[in-house]
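Asker: Just dropping this structure here.
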2 protein chains.
Amino acid sequence: MVKKDQGNSELVSIPEPTLRRLPIYYKYLKMKFDEKDRYVSCTTIAKNLNLKSIQVRKDLQVTGATGKPKVGYHIESVLSAIETCLGYNNVKDTLLVGTGHLGLALLGYKGFREYGLNIVAAFDTDPHKIGAVYHGKKVYNLSQFKLLAQRLKIQIGIITTPAEVAQIVCDQMVESGIKAIWNFAPVHLMVPADVIVQNENMSSSLAVLSKQLLERKRS
Amino acid sequence: MVKKDQGNSELVSIPEPTLRRLPIYYKYLKMKFDEKDRYVSCTTIAKNLNLKSIQVRKDLQVTGATGKPKVGYHIESVLSAIETCLGYNNVKDTLLVGTGHLGLALLGYKGFREYGLNIVAAFDTDPHKIGAVYHGKKVYNLSQFKLLAQRLKIQIGIITTPAEVAQIVCDQMVESGIKAIWNFAPVHLMVPADVIVQNENMSSSLAVLSKQLLERKRS
DNA sequence: ATTTTATCGATATATTTTTATCTATTAAAC
DNA sequence: GTTTAATAGATAAAAATATATCGATAAAAT
C-alpha cells in the first residue's frame, strides 16, 4: 500500500489489515450495543473475535477511539469513531452490472446502507431482466450505463457479471468515469492506473480454508 | 498464522498472502494456456496482475515450480504445481445451507470444481424451497443436515443464510462433525477451537475500496 | 484511605512479508 | 563459438505487521 503522508491531513494511512478488521469490530460492537452493553474491554473483544487483545487495542487506536482503564471502551464512541474513519456516514452511490443471483443478492443486501454504500440501480443486457425492479432498484439496459453514471456522477461500479463479459463491462465503466470497481467476477481486470479495482476473490478464501483444514488434520 | 514445522513433512507452511495470491496466478496462467502460450516470465505475470516480479517469483517458489532463465516458467508445470499445492485435484465435498440469491449463486458457480470444491447438496427451512433442484443440486430440509453430513463424512460447510440464523446453523454444523465453515453471513460465528471458520467478508473489501478511493481523490 | 485488580497507552521487540541486489544460467544474436 | 540480453534463484535488506512488556490510571475491594 502506498503511504502518502504529504499533503495537509493529519490522517496517516491506516494499515490494510487493520482496515479490514475495522468493519468486523464495528459489527461486533453494534451487536454488543444492541444487547444493552455500553462498555467493552479489548480483552473481551479479542476473545470473542479470536484475536489478540493487543491487536484490538492497536487497531482501535487508529480510529482515534480511546478507552478507560478498568472499564474498557465506550461502545458508542468507538462505533462513531469507526463510522467516521471508514466514511460510513457519507453515502457513496454505486451502479451494479449483472443481475444474476449474485447481483440480486447484493441488490437485496440491506447491510450496505450501514456501510455507506447505496446501490442506485442495476444494469443487464438480458431483455427479460431490463425494466424489472428488485428490492426497489430498477434494472436498466447496459447501454444506458454511461448516461446514468455521468448524470449521477457515480464513482463506484460493481461487477457481478459472468467472467466472460467482465472486462467489457469494466472498460465501459472506465469510459463512463467510474474511479473504483468492486469486482465479483472471477477474472483479473485491466484498468488504467487511476482506477481502483477491489476483487472479491472467493477462490482466495477457499485456498486459505482448505489449507488450514489440511494442516489441522495433519497435526 | 501458526507455523508448525514439527512433524514429518517437508512442507513448510505457506504465508497466507502468498496462499491468497496463488489462485490468482492459477486463473491467469490458465487463461494464458488457453491462449496457446506455453511459457511466461514472472515479469509478464507481474505486469498483468499489477504485482512486482520478485513477489511473483517468490510466490511461485513455494509451490515448487521452477523456471528457466531467458524463457520463464512452463505454464503447465506451474499450473500443476499450484493444483497440488492447493489440493485442487483432491475434491472436497461440501454442504451448503441457505438457498437465497447468494446461496444459489454459489450453487451455480461452475468454477468451484476447478478449485477442488464440490457442493453436494443444499439445505433450507423454507418449505417452498425444499425439494427443489438448482443446478443439479437438491435442496433438503435443514433437519436432515446431520444425517447427510455424517453419512457422507462431509468436513466443509457453507453458510449463506441470513445473519440472524447463521449461528444456529453453525452450531448444527459443528454438531454434525463439520470441521471447516465458509461463512458468507455477515456475523462472527462462535465455534469450538477445533473448527475453522473462513469469513467471506464483503464489508472488509468495501472498506479497503472506499478508503483507497478517498486517498486517491485527496492526492 | 489504601490496596488490589483490570485495563489502556506507550514503547520496544519479534515476526512476517515485501523489496532489492547480486550471481548464475540459458537462449538468442552476432 | 562468443557475446549479449533476459531471466530465475539465492541472499540480504527494508518495510510492514503483530506481539510483548511495562508503567499509568481508574474502578472496585478491603
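Letters A, B, ... mark the chains of the C-alpha cells in the order given; residue numbers begin at 1 per chain; ligand numbers begin at 1, in order shown.
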What are the residues of chain B that have an atom within 8 Å of an atom of chain C, counting only C-alpha atoms (C1' of nucleotides), as a ChimeraX atom specification?

Answerer: /B:54-55,68-71

Asker: Based on the backbone DSSP call, show me all residues of segment 32-170 of chain A assigned strand (DSSP E or B), as number ranges by chain.

Answerer: A: 39-40, 68, 72-74, 92-97, 117-124, 133-134, 137-141, 156-159

Asker: Select all residues from chain A having any atom no more than 12 Å from an atom of chain D (counting only C-alpha atoms (C1' of nucleotides), ignoring ligands), output as a PDB file with C-alpha atoms, in the first residue's frame.

Answerer:
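selection-v1.pdb, freshly written:
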ATOM      1  CA  MET A   1       0.000   0.000   0.000  1.00  0.00           C
ATOM      2  CA  VAL A   2       1.207   3.438  -0.856  1.00  0.00           C
ATOM      3  CA  LYS A   3       1.728   5.535   2.181  1.00  0.00           C
ATOM      4  CA  ILE A  14      -4.324   3.011   8.041  1.00  0.00           C
ATOM      5  CA  PRO A  15      -2.633  -0.368   7.546  1.00  0.00           C
ATOM      6  CA  GLU A  16      -4.740  -2.530   5.302  1.00  0.00           C
ATOM      7  CA  PRO A  17      -5.037  -5.443   7.735  1.00  0.00           C
ATOM      8  CA  THR A  18      -6.375  -3.037  10.309  1.00  0.00           C
ATOM      9  CA  LEU A  51      -7.813 -12.085  18.077  1.00  0.00           C
ATOM     10  CA  LYS A  52      -5.152 -10.859  20.453  1.00  0.00           C
ATOM     11  CA  SER A  53      -6.149  -8.064  22.784  1.00  0.00           C
ATOM     12  CA  ILE A  54      -3.075  -6.048  21.862  1.00  0.00           C
ATOM     13  CA  GLN A  55      -4.082  -6.127  18.271  1.00  0.00           C
ATOM     14  CA  VAL A  56      -7.566  -4.925  19.037  1.00  0.00           C
ATOM     15  CA  ARG A  57      -6.128  -2.080  21.063  1.00  0.00           C
ATOM     16  CA  LYS A  58      -3.786  -1.044  18.291  1.00  0.00           C
ATOM     17  CA  ASP A  59      -6.487  -1.291  15.672  1.00  0.00           C
ATOM     18  CA  GLY A  67     -10.713   3.635  26.279  1.00  0.00           C
ATOM     19  CA  LYS A  68     -10.710   3.897  30.021  1.00  0.00           C
ATOM     20  CA  PRO A  69      -8.660   1.679  32.318  1.00  0.00           C
ATOM     21  CA  LYS A  70     -10.632  -0.894  34.207  1.00  0.00           C
ATOM     22  CA  VAL A  71     -13.787  -0.414  32.145  1.00  0.00           C
ATOM     23  CA  GLY A  72     -12.709  -0.592  28.535  1.00  0.00           C
TER      24      GLY A  72
END

Asker: Here is a test: counting only C-alpha atoms, which residue of A:Arg218, A:Lys129, A:His135, A:Lys36 is nearest to chain B?

Answerer: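 Of all the options, A:Arg218 lies closest to chain B.
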
Asker: Write out as a tab-separated table the residues of chain A that have any atom within 8 Å of an atom of chain B, one row each with the nearest atom pair and its distance in Å to one decimal, counting only C-alpha atoms, sorted by chain and then rising number.

Answerer:
residue	atom	partner	partner_atom	distance
A:Gly7	CA	B:Ser219	CA	7.5
A:Glu16	CA	B:Val208	CA	7.0
A:Leu19	CA	B:Val208	CA	6.5
A:Arg20	CA	B:Ser204	CA	4.5
A:Arg21	CA	B:Ser204	CA	6.8
A:Leu22	CA	B:Ser204	CA	7.7
A:Pro23	CA	B:Ser204	CA	6.0
A:Ile24	CA	B:Ser204	CA	7.6
A:Lys27	CA	B:Val187	CA	7.3
A:Tyr28	CA	B:His188	CA	7.4
A:Asn48	CA	B:Met190	CA	7.5
A:Leu49	CA	B:His188	CA	7.1
A:Leu86	CA	B:Ala207	CA	6.3
A:Gly87	CA	B:Ser210	CA	7.9
A:Gly100	CA	B:Ala105	CA	7.6
A:His101	CA	B:His101	CA	4.9
A:Leu102	CA	B:Ala105	CA	5.3
A:Leu104	CA	B:His101	CA	6.4
A:Ala105	CA	B:His101	CA	4.9
A:Phe112	CA	B:Ser203	CA	8.0
A:Tyr115	CA	B:Ser203	CA	7.2
A:Lys179	CA	B:Leu213	CA	7.4
A:Ala180	CA	B:Leu213	CA	6.6
A:Trp182	CA	B:Leu209	CA	7.5
A:Val187	CA	B:Lys27	CA	7.4
A:His188	CA	B:Leu49	CA	7.1
A:Met190	CA	B:Asn48	CA	7.7
A:Ile196	CA	B:Leu213	CA	7.1
A:Val197	CA	B:Leu209	CA	7.6
A:Gln198	CA	B:Leu209	CA	6.0
A:Asn199	CA	B:Ser205	CA	7.8
A:Glu200	CA	B:Ser205	CA	7.0
A:Met202	CA	B:Glu200	CA	7.4
A:Ser203	CA	B:Pro23	CA	6.1
A:Ser204	CA	B:Arg20	CA	4.5
A:Ser205	CA	B:Gln198	CA	6.8
A:Leu206	CA	B:Trp182	CA	7.9
A:Ala207	CA	B:Leu86	CA	6.3
A:Val208	CA	B:Leu19	CA	6.5
A:Leu209	CA	B:Gln198	CA	6.0
A:Ser210	CA	B:Leu86	CA	7.6
A:Lys211	CA	B:Leu86	CA	6.8
A:Gln212	CA	B:Ile196	CA	7.5
A:Leu213	CA	B:Ala180	CA	6.6
A:Ser219	CA	B:Gly7	CA	7.5

Asker: Atom CA of Tyr39 of chain A and atom CA of Ile82 of chain A are how many Å apart?

Answerer: 15.6 Å

Asker: Extract the full set of helix (DSSP H, G or I) residues from segment 70-186 of chain B according to DSSP on the backbone, and format it as a PyMOL selection string.

Answerer: chain B and resi 75-86+101-108+111-114+142-151+163-175
